[in-house]
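Dropping work-v2.cif in here (mmCIF, C-alpha atoms and all ligand atoms):
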```
data_start
#
loop_
_atom_site.label_atom_id
_atom_site.label_comp_id
_atom_site.auth_asym_id
_atom_site.auth_seq_id
_atom_site.Cartn_x
_atom_site.Cartn_y
_atom_site.Cartn_z
CA MET A 1 112.83 91.41 86.06
CA SER A 2 111.42 92.42 89.46
CA HIS A 3 111.31 96.10 90.41
CA GLY A 4 112.19 95.09 94.00
CA HIS A 5 111.03 93.04 96.99
CA VAL A 6 108.19 94.40 99.12
CA VAL A 7 107.08 92.82 102.41
CA VAL A 8 103.43 93.47 103.31
CA ILE A 9 102.50 93.06 106.99
CA GLY A 10 98.84 92.11 107.60
CA GLY A 11 96.63 89.54 105.90
CA GLY A 12 93.32 91.44 105.95
CA GLY A 13 91.51 92.87 102.94
CA THR A 14 93.95 95.76 102.59
CA GLY A 15 97.04 93.52 102.58
CA ALA A 16 95.27 91.21 100.10
CA ALA A 17 94.63 94.03 97.62
CA ILE A 18 98.16 95.43 98.00
CA VAL A 19 99.94 92.12 97.43
CA HIS A 20 97.76 91.40 94.37
CA ASP A 21 98.51 94.82 92.87
CA LEU A 22 102.24 94.54 93.64
CA VAL A 23 102.75 91.32 91.69
CA LEU A 24 100.64 92.57 88.77
CA ARG A 25 102.95 95.61 88.54
CA GLY A 26 106.13 93.51 88.53
CA PHE A 27 107.26 93.54 92.16
CA THR A 28 108.32 90.51 94.20
CA ALA A 29 105.97 90.38 97.18
CA THR A 30 105.86 88.54 100.50
CA LEU A 31 102.88 88.92 102.84
CA VAL A 32 103.11 87.95 106.50
CA GLU A 33 100.09 87.56 108.80
CA ARG A 34 100.40 86.63 112.45
CA GLY A 35 97.13 84.62 112.47
CA GLU A 36 94.94 83.06 109.80
CA LEU A 37 94.15 85.28 106.80
CA THR A 38 91.38 87.81 107.67
CA SER A 39 91.74 87.06 111.40
CA GLY A 40 91.81 90.81 112.19
CA THR A 41 88.96 93.23 111.49
CA THR A 42 88.34 91.91 107.96
CA GLY A 43 86.92 88.63 109.25
CA ARG A 44 84.64 90.39 111.73
CA HIS A 45 83.07 93.33 109.94
CA HIS A 46 79.40 93.91 109.28
CA GLY A 47 79.47 92.57 105.74
CA GLN A 48 77.83 95.52 104.05
CA LEU A 49 78.85 96.32 100.49
CA HIS A 50 78.54 100.10 100.77
CA SER A 51 77.01 101.89 97.80
CA GLY A 52 78.15 105.00 99.67
CA ALA A 53 74.60 106.17 100.42
CA ARG A 54 75.35 106.09 104.14
CA TYR A 55 78.20 108.56 103.66
CA ALA A 56 76.77 110.77 100.90
CA VAL A 57 75.37 113.58 103.07
CA GLY A 58 78.59 113.85 105.07
CA ASP A 59 81.17 113.30 102.31
CA ARG A 60 80.39 113.05 98.57
CA GLU A 61 83.97 111.98 97.76
CA ILE A 62 83.85 108.91 100.00
CA ALA A 63 80.37 108.07 98.74
CA ARG A 64 81.40 108.29 95.09
CA GLU A 65 84.45 106.14 95.76
CA CYS A 66 82.25 103.45 97.37
CA MET A 67 79.89 103.45 94.37
CA ASP A 68 82.81 103.22 91.92
CA GLU A 69 84.26 100.29 93.86
CA VAL A 70 80.91 98.47 94.01
CA ARG A 71 80.79 98.66 90.20
CA THR A 72 84.41 97.48 89.96
CA LEU A 73 83.95 94.57 92.39
CA GLN A 74 80.89 93.45 90.43
CA ARG A 75 83.19 93.06 87.42
CA ILE A 76 86.23 91.47 89.07
CA ALA A 77 84.80 89.43 91.98
CA PRO A 78 81.04 88.87 91.46
CA GLU A 79 81.08 85.55 93.34
CA ALA A 80 81.95 87.30 96.62
CA LEU A 81 78.97 89.67 96.52
CA GLU A 82 75.25 89.47 97.02
CA MET A 83 73.68 92.38 95.13
CA ASN A 84 70.55 92.44 97.27
CA TYR A 85 70.17 96.28 97.43
CA GLY A 86 69.54 98.47 100.42
CA LEU A 87 66.43 100.14 101.78
CA PHE A 88 66.64 103.36 103.82
CA ILE A 89 63.50 103.71 105.92
CA ALA A 90 62.07 106.82 107.60
CA LEU A 91 60.50 106.24 111.01
CA THR A 92 59.75 109.82 112.10
CA ASP A 93 58.71 113.14 110.56
CA GLU A 94 62.29 114.31 111.10
CA ASP A 95 63.51 111.37 108.98
CA VAL A 96 60.99 112.28 106.26
CA ALA A 97 62.30 115.86 106.26
CA PHE A 98 65.85 114.51 105.88
CA ALA A 99 64.96 112.43 102.80
CA PRO A 100 65.38 115.15 100.09
CA THR A 101 68.86 116.03 101.43
CA PHE A 102 69.75 112.33 101.39
CA VAL A 103 68.49 111.74 97.84
CA GLU A 104 70.21 114.86 96.49
CA ALA A 105 73.52 113.89 98.13
CA CYS A 106 73.27 110.38 96.63
CA GLU A 107 72.58 111.78 93.17
CA GLU A 108 75.58 114.10 93.44
CA SER A 109 77.66 111.04 94.39
CA THR A 110 76.44 109.03 91.32
CA ILE A 111 74.43 106.68 93.58
CA PRO A 112 71.06 105.83 92.01
CA THR A 113 68.06 106.04 94.35
CA ARG A 114 64.43 105.02 93.95
CA GLU A 115 61.62 105.97 96.31
CA ILE A 116 59.37 102.98 96.88
CA PRO A 117 55.76 103.48 98.04
CA VAL A 118 55.44 102.34 101.66
CA GLU A 119 52.94 99.52 100.85
CA GLN A 120 55.29 98.13 98.20
CA ALA A 121 58.31 98.41 100.53
CA LEU A 122 56.43 96.43 103.18
CA ARG A 123 55.53 93.76 100.61
CA MET A 124 59.22 93.50 99.66
CA GLU A 125 60.38 93.47 103.31
CA PRO A 126 57.45 92.20 105.41
CA ASN A 127 59.43 92.23 108.69
CA VAL A 128 60.22 95.92 108.52
CA ASN A 129 58.47 98.23 111.02
CA PRO A 130 54.92 98.72 109.58
CA ALA A 131 54.94 102.33 110.83
CA ILE A 132 57.55 103.45 108.29
CA LYS A 133 56.76 106.74 106.60
CA LYS A 134 59.07 106.57 103.57
CA ALA A 135 61.42 104.09 101.87
CA VAL A 136 64.30 104.77 99.46
CA GLN A 137 66.12 101.97 97.66
CA VAL A 138 69.88 102.17 96.88
CA PRO A 139 72.43 99.71 95.38
CA ASP A 140 73.89 98.41 98.67
CA GLY A 141 74.68 94.72 99.01
CA THR A 142 76.38 92.08 101.12
CA ILE A 143 80.03 91.00 101.06
CA ASP A 144 81.28 87.55 101.89
CA ALA A 145 84.00 88.76 104.26
CA TRP A 146 86.17 85.67 103.72
CA ARG A 147 85.71 85.09 100.01
CA LEU A 148 86.35 88.65 98.83
CA PRO A 149 89.90 88.91 100.19
CA LEU A 150 90.56 85.29 99.27
CA HIS A 151 89.89 86.14 95.59
CA PHE A 152 92.76 88.67 95.88
CA PHE A 153 95.04 86.26 97.78
CA ALA A 154 94.35 83.44 95.29
CA THR A 155 95.21 85.64 92.31
CA ALA A 156 98.31 87.09 93.98
CA LYS A 157 99.55 83.59 94.91
CA HIS A 158 98.95 82.34 91.37
CA ASN A 159 101.01 85.29 90.08
CA GLY A 160 103.92 84.48 92.38
CA ALA A 161 103.28 86.18 95.74
CA ASP A 162 104.61 84.41 98.85
CA ILE A 163 101.89 84.39 101.56
CA ARG A 164 102.90 83.25 105.05
CA THR A 165 100.30 82.89 107.80
CA PHE A 166 100.98 82.47 111.54
CA THR A 167 104.07 84.59 110.95
CA GLU A 168 104.33 87.58 113.26
CA VAL A 169 106.57 90.57 112.65
CA VAL A 170 108.53 91.18 115.85
CA GLU A 171 110.92 93.85 114.55
CA ILE A 172 111.22 96.21 111.60
CA LEU A 173 114.90 96.11 110.63
CA SER A 174 116.80 99.19 109.49
CA ALA A 175 120.29 100.39 108.74
CA GLY A 176 120.79 104.11 109.34
CA SER A 177 117.57 105.76 108.22
CA ALA A 178 116.46 103.03 105.77
CA VAL A 179 114.36 99.92 106.39
CA THR A 180 116.07 96.68 105.33
CA GLY A 181 113.39 94.10 106.15
CA VAL A 182 111.58 92.47 109.04
CA ARG A 183 112.33 89.94 111.74
CA VAL A 184 109.46 87.45 112.08
CA ARG A 185 108.48 84.65 114.42
CA ASP A 186 106.97 81.50 112.92
CA LEU A 187 104.24 80.88 115.50
CA ALA A 188 104.00 77.16 114.64
CA THR A 189 107.67 76.46 115.47
CA ASP A 190 108.60 79.54 117.55
CA ARG A 191 111.58 80.01 115.20
CA GLU A 192 112.65 83.58 114.44
CA TYR A 193 114.20 84.61 111.13
CA GLU A 194 114.76 87.67 108.96
CA ILE A 195 113.17 88.60 105.63
CA LYS A 196 115.17 91.16 103.65
CA ALA A 197 113.15 93.72 101.72
CA ASP A 198 113.54 96.90 99.69
CA MET A 199 110.32 98.24 101.19
CA VAL A 200 107.92 97.28 104.00
CA VAL A 201 104.20 98.13 104.03
CA SER A 202 102.21 97.94 107.25
CA ALA A 203 98.58 97.09 106.37
CA THR A 204 97.79 96.28 109.97
CA GLY A 205 94.65 98.37 110.53
CA ALA A 206 93.94 98.84 114.22
CA TRP A 207 97.40 97.37 115.01
CA ALA A 208 99.20 100.05 112.95
CA GLU A 209 100.51 101.93 115.99
CA LYS A 210 101.77 98.72 117.66
CA VAL A 211 103.55 97.69 114.45
CA ALA A 212 105.04 101.17 113.87
CA ARG A 213 106.62 100.92 117.30
CA LEU A 214 108.50 97.81 116.08
CA GLY A 215 110.37 100.22 113.80
CA GLY A 216 110.94 102.72 116.61
CA ILE A 217 108.37 105.25 115.41
CA HIS A 218 105.02 106.46 116.65
CA ILE A 219 101.86 107.05 114.64
CA PRO A 220 98.82 108.58 116.31
CA VAL A 221 96.28 105.86 115.63
CA THR A 222 93.77 104.74 118.23
CA PRO A 223 91.88 101.44 117.91
CA GLY A 224 88.14 102.14 117.76
CA PRO A 225 86.19 98.95 118.47
CA GLY A 226 82.53 98.48 117.61
CA THR A 227 80.09 95.73 118.57
CA MET A 228 77.66 93.84 116.29
CA VAL A 229 74.88 91.34 117.11
CA ALA A 230 73.63 88.57 114.79
CA VAL A 231 70.31 86.79 115.19
CA ARG A 232 69.62 83.33 113.84
CA LYS A 233 67.26 84.14 110.98
CA ARG A 234 67.39 86.08 107.76
CA LEU A 235 64.73 88.66 108.58
CA ASN A 236 65.42 90.97 105.63
CA ASN A 237 66.71 90.50 102.12
CA MET A 238 67.93 94.04 101.51
CA VAL A 239 70.30 95.91 103.83
CA ILE A 240 67.88 97.92 106.02
CA SER A 241 69.17 101.32 107.17
CA HIS A 242 67.59 104.11 109.19
CA LEU A 243 67.03 107.13 106.94
CA HIS A 244 68.78 109.69 109.14
CA PRO A 245 72.33 111.03 109.60
CA ALA A 246 74.65 108.00 110.11
CA GLY A 247 74.90 106.88 113.74
CA ASP A 248 75.17 103.84 116.01
CA GLY A 249 72.98 100.77 115.52
CA ASP A 250 71.20 101.90 112.38
CA ILE A 251 71.95 99.14 109.83
CA VAL A 252 70.68 95.55 109.66
CA VAL A 253 72.66 93.49 107.14
CA PRO A 254 71.40 90.09 105.94
CA GLN A 255 74.30 87.64 105.84
CA ARG A 256 73.47 84.10 104.67
CA GLY A 257 70.87 82.84 107.23
CA LEU A 258 71.57 85.61 109.75
CA SER A 259 70.61 89.25 110.30
CA ILE A 260 73.28 91.49 111.81
CA ILE A 261 72.76 94.84 113.55
CA GLY A 262 75.69 97.18 113.94
CA SER A 263 77.46 98.87 115.31
CA THR A 264 78.58 100.88 118.32
CA GLN A 265 81.97 102.59 118.58
CA TRP A 266 84.34 103.49 121.39
CA LYS A 267 88.10 103.87 121.91
CA THR A 268 90.64 101.52 123.44
CA ASP A 269 94.42 101.31 123.92
CA ASP A 270 94.88 97.75 122.70
CA PRO A 271 92.97 95.98 119.88
CA ASP A 272 94.00 92.63 121.40
CA THR A 273 91.96 93.09 124.57
CA VAL A 274 88.62 94.24 123.18
CA GLU A 275 85.45 93.08 124.93
CA VAL A 276 81.79 92.79 123.95
CA PRO A 277 79.94 95.05 126.41
CA LYS A 278 76.55 93.69 127.53
CA ALA A 279 75.12 97.23 127.43
CA ASP A 280 76.06 97.46 123.73
CA ILE A 281 74.27 94.19 122.96
CA ASP A 282 71.08 95.41 124.68
CA TYR A 283 71.30 98.78 122.94
CA LEU A 284 71.82 97.23 119.49
CA VAL A 285 68.93 94.77 119.87
CA LYS A 286 66.69 97.65 120.83
CA ARG A 287 67.80 99.76 117.85
CA ALA A 288 67.37 96.79 115.49
CA SER A 289 63.84 96.29 116.78
CA ASP A 290 62.97 99.88 115.83
CA LEU A 291 63.76 98.90 112.23
CA ILE A 292 62.62 95.25 112.34
CA PRO A 293 60.37 94.62 115.39
CA VAL A 294 60.74 90.82 115.31
CA PHE A 295 64.55 91.16 115.75
CA SER A 296 64.27 91.21 119.57
CA GLU A 297 62.27 87.95 119.59
CA THR A 298 64.77 86.10 117.41
CA PRO A 299 67.48 84.00 119.14
CA ILE A 300 70.90 85.64 119.25
CA HIS A 301 73.48 83.73 117.24
CA ALA A 302 76.55 85.77 118.24
CA ALA A 303 77.78 89.12 119.43
CA TRP A 304 81.32 90.31 118.72
CA SER A 305 83.53 93.36 118.42
CA ALA A 306 86.00 94.50 115.77
CA SER A 307 88.33 97.49 115.72
CA ARG A 308 88.78 100.35 113.28
CA PRO A 309 91.96 102.40 113.29
CA LEU A 310 90.94 105.94 114.24
CA ALA A 311 93.53 108.42 113.01
CA GLY A 312 94.67 111.00 115.56
CA ALA A 313 95.25 114.64 114.71
CA SER A 314 99.03 114.53 114.57
CA SER A 315 101.06 116.64 112.22
CA ASN A 316 102.89 113.47 111.10
CA VAL A 317 99.68 111.94 109.81
CA GLU A 318 98.47 115.18 108.27
CA ASP A 319 101.82 115.59 106.53
CA GLY A 320 101.75 112.09 105.08
CA ARG A 321 100.48 111.81 101.52
CA LYS A 322 96.77 111.96 101.92
CA MET A 323 95.09 109.67 99.42
CA SER A 324 91.42 110.03 100.22
CA ARG A 325 89.47 111.58 103.02
CA ASP A 326 88.67 108.04 104.15
CA PHE A 327 92.08 106.41 104.27
CA ILE A 328 95.65 107.61 104.41
CA ALA A 329 99.02 106.18 103.52
CA ILE A 330 101.97 107.52 105.43
CA ASP A 331 105.40 107.50 103.83
CA HIS A 332 107.59 107.29 106.93
CA GLY A 333 110.56 108.43 104.86
CA THR A 334 108.86 111.84 104.71
CA SER A 335 107.16 111.93 108.10
CA ASP A 336 109.72 110.16 110.34
CA ASN A 337 112.94 110.03 108.34
CA LEU A 338 112.66 106.25 108.06
CA LYS A 339 112.83 105.42 104.34
CA GLY A 340 111.25 102.27 102.96
CA LEU A 341 108.30 102.04 105.37
CA ILE A 342 104.67 102.86 104.53
CA SER A 343 101.61 102.54 106.78
CA ILE A 344 98.14 102.38 105.25
CA ILE A 345 95.32 103.17 107.64
CA GLY A 346 91.54 103.41 107.54
CA GLY A 347 89.11 102.72 104.71
CA LYS A 348 86.46 100.06 104.38
CA ALA A 349 86.26 96.50 103.14
CA THR A 350 84.24 97.82 100.19
CA VAL A 351 87.11 99.99 98.97
CA LEU A 352 89.94 97.49 99.56
CA ARG A 353 90.97 97.45 95.88
CA ALA A 354 91.22 101.26 95.75
CA MET A 355 93.34 101.21 98.92
CA GLY A 356 95.67 98.71 97.26
CA GLU A 357 95.87 100.86 94.12
CA LYS A 358 96.75 104.06 95.97
CA THR A 359 99.34 102.31 98.15
CA VAL A 360 101.08 100.68 95.18
CA ASP A 361 100.95 104.01 93.29
CA MET A 362 102.91 105.44 96.22
CA ILE A 363 105.36 102.51 96.17
CA CYS A 364 105.89 102.92 92.40
CA SER A 365 106.53 106.62 92.82
CA LEU A 366 109.08 105.97 95.61
CA PHE A 367 110.84 103.35 93.43
CA GLY A 368 110.66 105.61 90.36
CA VAL A 369 108.70 102.91 88.52
CA GLU A 370 106.02 103.74 85.94
CA GLU A 371 103.58 100.81 85.89
CA PRO A 372 99.87 101.56 85.59
CA CYS A 373 97.43 99.84 87.94
CA GLN A 374 95.49 97.01 86.28
CA THR A 375 93.41 95.74 89.20
CA ALA A 376 90.16 97.45 88.20
CA GLU A 377 90.14 95.60 84.88
CA THR A 378 91.63 92.25 85.90
CA PRO A 379 89.00 89.68 86.90
CA LEU A 380 90.13 87.82 90.02
CA LEU A 381 90.51 84.07 90.22
CA PRO A 382 87.85 82.18 92.19
CA HIS A 383 88.51 82.14 95.94
CA ARG A 384 88.91 78.31 95.79
CA ALA A 385 92.06 78.70 93.68
CA PHE A 386 93.78 79.72 96.90
CA TYR A 387 93.54 76.13 98.14
CA ASN A 388 94.28 74.39 94.85
CA SER A 389 95.99 76.19 91.96
CA ARG A 390 94.46 73.69 89.50
CA LEU A 391 91.19 75.54 90.15
CA ALA A 392 92.74 78.75 88.81
CA VAL A 393 90.19 79.15 86.02
CA ARG A 394 87.98 82.22 86.02
CA PRO A 395 84.26 81.39 85.87
CA GLN A 396 84.05 83.65 82.79
CA GLU A 397 86.47 81.30 80.97
CA VAL A 398 84.51 78.08 81.49
CA SER A 399 82.34 77.02 78.56
CA LEU A 400 79.85 74.20 79.01
C1 LIG B 501 82.49 97.30 113.66
C2 LIG B 501 82.94 97.41 112.24
C3 LIG B 501 82.04 97.18 111.20
C4 LIG B 501 82.47 97.33 109.88
N1 LIG B 501 81.58 97.08 108.88
C5 LIG B 501 81.97 97.23 107.58
C6 LIG B 501 81.04 96.95 106.52
O1 LIG B 501 79.92 96.54 106.74
N2 LIG B 501 81.47 97.14 105.25
C7 LIG B 501 82.73 97.59 104.96
O2 LIG B 501 83.02 97.78 103.78
N3 LIG B 501 83.64 97.83 105.95
C8 LIG B 501 83.28 97.65 107.25
N4 LIG B 501 84.17 97.89 108.26
C9 LIG B 501 85.53 98.31 107.91
C10 LIG B 501 86.39 97.11 107.51
O3 LIG B 501 86.16 96.04 108.36
C11 LIG B 501 87.87 97.48 107.59
O4 LIG B 501 88.09 98.67 106.88
C12 LIG B 501 88.75 96.43 106.98
O5 LIG B 501 88.38 95.13 107.38
C13 LIG B 501 90.18 96.68 107.40
O6 LIG B 501 91.01 95.74 106.78
P1 LIG B 501 92.57 95.80 107.03
O7 LIG B 501 93.16 94.75 106.17
O8 LIG B 501 93.05 97.20 106.86
O9 LIG B 501 92.75 95.45 108.58
P2 LIG B 501 92.65 94.03 109.30
O10 LIG B 501 91.66 93.16 108.67
O11 LIG B 501 92.50 94.29 110.76
O12 LIG B 501 94.06 93.37 109.02
C14 LIG B 501 95.23 93.71 109.75
C15 LIG B 501 95.98 92.41 110.00
O13 LIG B 501 97.26 92.70 110.54
C16 LIG B 501 97.63 91.58 111.33
N5 LIG B 501 98.76 91.95 112.17
C17 LIG B 501 98.75 92.82 113.23
N6 LIG B 501 99.99 92.87 113.79
C18 LIG B 501 100.78 92.02 113.07
C19 LIG B 501 102.16 91.64 113.16
N7 LIG B 501 102.96 92.14 114.11
N8 LIG B 501 102.65 90.72 112.27
C20 LIG B 501 101.84 90.19 111.30
N9 LIG B 501 100.53 90.53 111.17
C21 LIG B 501 100.01 91.44 112.05
C22 LIG B 501 96.35 91.28 112.10
O14 LIG B 501 96.37 89.96 112.60
C23 LIG B 501 95.29 91.51 111.04
O15 LIG B 501 94.87 90.31 110.41
C24 LIG B 501 83.80 97.72 109.58
C25 LIG B 501 84.70 97.92 110.63
C26 LIG B 501 84.29 97.76 111.95
C27 LIG B 501 85.26 97.98 113.05
#
```

Let me see whether you can do it: turn the structure in this file into structure tokens.
Amino acid sequence: MSHGHVVVIGGGGTGAAIVHDLVLRGFTATLVERGELTSGTTGRHHGQLHSGARYAVGDREIARECMDEVRTLQRIAPEALEMNYGLFIALTDEDVAFAPTFVEACEESTIPTREIPVEQALRMEPNVNPAIKKAVQVPDGTIDAWRLPLHFFATAKHNGADIRTFTEVVEILSAGSAVTGVRVRDLATDREYEIKADMVVSATGAWAEKVARLGGIHIPVTPGPGTMVAVRKRLNNMVISHLHPAGDGDIVVPQRGLSIIGSTQWKTDDPDTVEVPKADIDYLVKRASDLIPVFSETPIHAAWSASRPLAGASSNVEDGRKMSRDFIAIDHGTSDNLKGLISIIGGKATVLRAMGEKTVDMICSLFGVEEPCQTAETPLLPHRAFYNSRLAVRPQEVSL
């Protein structure tokens, strides 16, 4: 018997992980996405599988969580990852002086590091700036931004989740101080209809504030877009990062036959009207060329922007149940006296499964249900099972 019906708004990586976890724990789940799956930030991110090394100096907890999730994703969704490692390179004496702090922070965050002699690093990555002074290898990698969430969607669908694309939530319905469901518009037919629910979860990332307003509440979240530039050649095999405190334009990620530099970051009012500033493209190409000189001579394939939700310093957000320093879930029953609505904000594609786990833990606690999370141990179905359920056989189960 189902514990209740939960509607998840948003078909990015976070919604994917939540809907998968919900059905595994015995809930009935419907996910609605106004566009194609991953058409928000998830389909536009940099594609780095974060070992956490980038965050270790600033926040050991976030770094350790990234490393844990890399290990978990390797078990449950290996087909969506390229475990090509990462190389942090020092370009200046200041970078060299920063290296011991970096290595120590990684070790304290359970992230293995290995210093590679400069000559060997240049043999491994011949396009890297020959003037590098130090190189440290870490277990970063590359994510297939489409396949990883699709593994979760495929498994959720196979287990009974109802996934509706091109379905936009236009109102969050309530009676008194409790949410009763959502009103949606089918964008293919323009027909509006209601979906009744015992609980609604907004996994709408940079759109979280817009969606909260559909329920008559305000959450202080500002969309924070960033630009990335891809050139038409795979110039590096490992993720190349500048060995210095994390900043703009300091990572080049190899993604299939492309190399992608990212990113910048600014603030906007509306994630639907984000542009790709020419100045950002020029800046990023210049920064990429500091790491990989040939980057600036390689034809540009594309430049695009994607938005993060930047949490504001409101007491409502701070009072919500904080789940990690990197992402928060807000129980609007507590913060806004609107029971049955949760917003999940922040995080990274790398930690999508952990975000799903913490959100469904919160849902279970609000329903008074005791069902342990199984997603870290449950291998996901191949992404292709989303299109054809007859392909719902895990690669591990096929014997030749
Ligand atoms: C520039 C940049 C680079 C990044 N690089 C990396 C990286 O290399 N590695 C990494 O791990 N993470 C990276 N991230 C972070 C990562 O992209 C995000 O954390 C993640 O994609 C967020 O997923 P999400 O599902 O929460 O949001 P989204 O993917 O944005 O999903 C929200 C969905 O909600 C839908 N929606 C909105 N309103 C409605 C409505 N009314 N009705 C129905 N649906 C609605 C949207 O269409 C959207 O699809 C990056 C982020 C940015 C901005």

Task: Residues within 12 Å of Arg213 of chain A, only C-alpha atoms, excluding chain neighbours under 6 positions, as a PyMOL selection string - done: chain A and resi 169-173+202+207+219-221+336+343

- [ ] Work out how far apart atom CA of Thr142 of chain A and atom CA of Val253 of chain A are and give it in Å to one decimal.
- [x]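 So the answer is 7.2 Å.
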
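Minimum atom-to-atom distance to ligand LIG 501 (chain B), evaluated using only C-alpha atoms and all ligand atoms, belongs to A:Val70 out of A:Ala77, A:Val70, A:Leu243, A:Ala376.
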
Give, as AutoDock Vina command-line options, the centre coordinates and the x, y and z edge lengths in Å to one decimal for an axis-aligned box around all listed atoms of segment 269-284 of chain A, padded by 8 Å on each side.
```
--center_x 83.0 --center_y 97.0 --center_z 123.5 --size_x 39.8 --size_y 24.7 --size_z 24.0
```

Task: Nearest residue to ligand LIG 501 (chain B) from the set A:Asn127, A:Thr167, A:Gln255, A:Asn84 (distances using all atoms listed in the file) - done: A:Thr167

Open item on the list: Could you list, as a PyMOL selection string, all residues that come within 6 Å of ligand LIG 501 (chain B)? Count all atoms listed in the file.
Closed with: chain A and resi 9-15+32-35+38-42+45-50+168-170+203-207+211+225-227+263+306-308+346-350

Would you mind exporting C-alpha atoms of the selected residues as a tab-separated table (two decimals), in the frame of the given file?
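File written: result-v3.tsv
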```
chain	number	residue	atom	x	y	z
A	9	ILE	CA	102.50	93.06	106.99
A	10	GLY	CA	98.84	92.11	107.60
A	11	GLY	CA	96.63	89.54	105.90
A	12	GLY	CA	93.32	91.44	105.95
A	13	GLY	CA	91.51	92.87	102.94
A	14	THR	CA	93.95	95.76	102.59
A	15	GLY	CA	97.04	93.52	102.58
A	32	VAL	CA	103.11	87.95	106.50
A	33	GLU	CA	100.09	87.56	108.80
A	34	ARG	CA	100.40	86.63	112.45
A	35	GLY	CA	97.13	84.62	112.47
A	38	THR	CA	91.38	87.81	107.67
A	39	SER	CA	91.74	87.06	111.40
A	40	GLY	CA	91.81	90.81	112.19
A	41	THR	CA	88.96	93.23	111.49
A	42	THR	CA	88.34	91.91	107.96
A	45	HIS	CA	83.07	93.33	109.94
A	46	HIS	CA	79.40	93.91	109.28
A	47	GLY	CA	79.47	92.57	105.74
A	48	GLN	CA	77.83	95.52	104.05
A	49	LEU	CA	78.85	96.32	100.49
A	50	HIS	CA	78.54	100.10	100.77
A	168	GLU	CA	104.33	87.58	113.26
A	169	VAL	CA	106.57	90.57	112.65
A	170	VAL	CA	108.53	91.18	115.85
A	203	ALA	CA	98.58	97.09	106.37
A	204	THR	CA	97.79	96.28	109.97
A	205	GLY	CA	94.65	98.37	110.53
A	206	ALA	CA	93.94	98.84	114.22
A	207	TRP	CA	97.40	97.37	115.01
A	211	VAL	CA	103.55	97.69	114.45
A	225	PRO	CA	86.19	98.95	118.47
A	226	GLY	CA	82.53	98.48	117.61
A	227	THR	CA	80.09	95.73	118.57
A	263	SER	CA	77.46	98.87	115.31
A	306	ALA	CA	86.00	94.50	115.77
A	307	SER	CA	88.33	97.49	115.72
A	308	ARG	CA	88.78	100.35	113.28
A	346	GLY	CA	91.54	103.41	107.54
A	347	GLY	CA	89.11	102.72	104.71
A	348	LYS	CA	86.46	100.06	104.38
A	349	ALA	CA	86.26	96.50	103.14
A	350	THR	CA	84.24	97.82	100.19
```

Open item on the list: Which residues are close to Glu61 of chain A, i.e. within 8 Å by all atoms listed in the file, leaving aside same-chain residues fewer than 3 positions away? Reply as a VMD selection string.
Closed with: chain A and resid 56 64 to 65 109 325

Task: Within 8 Å of file point (75.7, 103.3, 98.4), counting all atoms listed in the file, expressed as a ChimeraX atom specification - done: /A:49-56,63,66-67,106,111,138-140

- [ ] Work out how far apart atom CA of His244 of chain A and atom CA of Asp280 of chain A are and give it in Å to one decimal.
- [x] 20.4 Å

- [ ] Write out as number ranges by chain each polymer residue whose atoms come within 7 Å of Arg147 of chain A, counting all atoms listed in the file; drop sequence neighbours fewer than 3 positions from it.
- [x] A: 80, 144, 150-151, 383

TODO: Could you please determine the separation between atom CA of His158 of chain A and atom CA of Leu73 of chain A in Å, to one decimal place?
DONE: 19.4 Å

Exercise: Ile260 of chain A partners within 6 Å, only C-alpha atoms, chain neighbours under 6 positions left out, as a PDB file with C-alpha atoms, in the frame of the given file:
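Result file is part_25.pdb:
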```pdb
ATOM      1  CA  VAL A 229      74.880  91.340 117.110  1.00  0.00           C
ATOM      2  CA  ALA A 230      73.630  88.570 114.790  1.00  0.00           C
ATOM      3  CA  VAL A 252      70.680  95.550 109.660  1.00  0.00           C
ATOM      4  CA  VAL A 253      72.660  93.490 107.140  1.00  0.00           C
TER       5      VAL A 253
END
```

Open item on the list: Using only C-alpha atoms for the distances, tell me which of A:Arg25, A:His20, A:His242, A:Lys210 is nearest to Ile132 of chain A.
Closed with: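 Of all the options, A:His242 lies closest to Ile132 of chain A.
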
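Proximity ranking of A:Ala288, A:Ala311, A:Ala105, A:Ala99 relative to Lys133 of chain A places A:Ala99 first, based on all atoms listed in the file.
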
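The closest residue to Ile163 of chain A, picked from A:Leu31, A:Val19, A:Ile62, A:Ala329 and counting all atoms listed in the file, is A:Leu31.
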
Open item on the list: When you count only C-alpha atoms, which of these residues is closest to Gly141 of chain A: A:Asp331, A:Glu69, A:Asp248, A:Glu82?
Closed with: A:Glu82

Open item on the list: With 12 Å as the threshold, what does the neighbourhood of (79.8, 100.2, 119.6) contain in terms of residues, counting all atoms listed in the file? Coordinates are those of the file; answer as number ranges by chain.
Closed with: A: 224-229, 247-250, 261-268, 274-284, 303-308
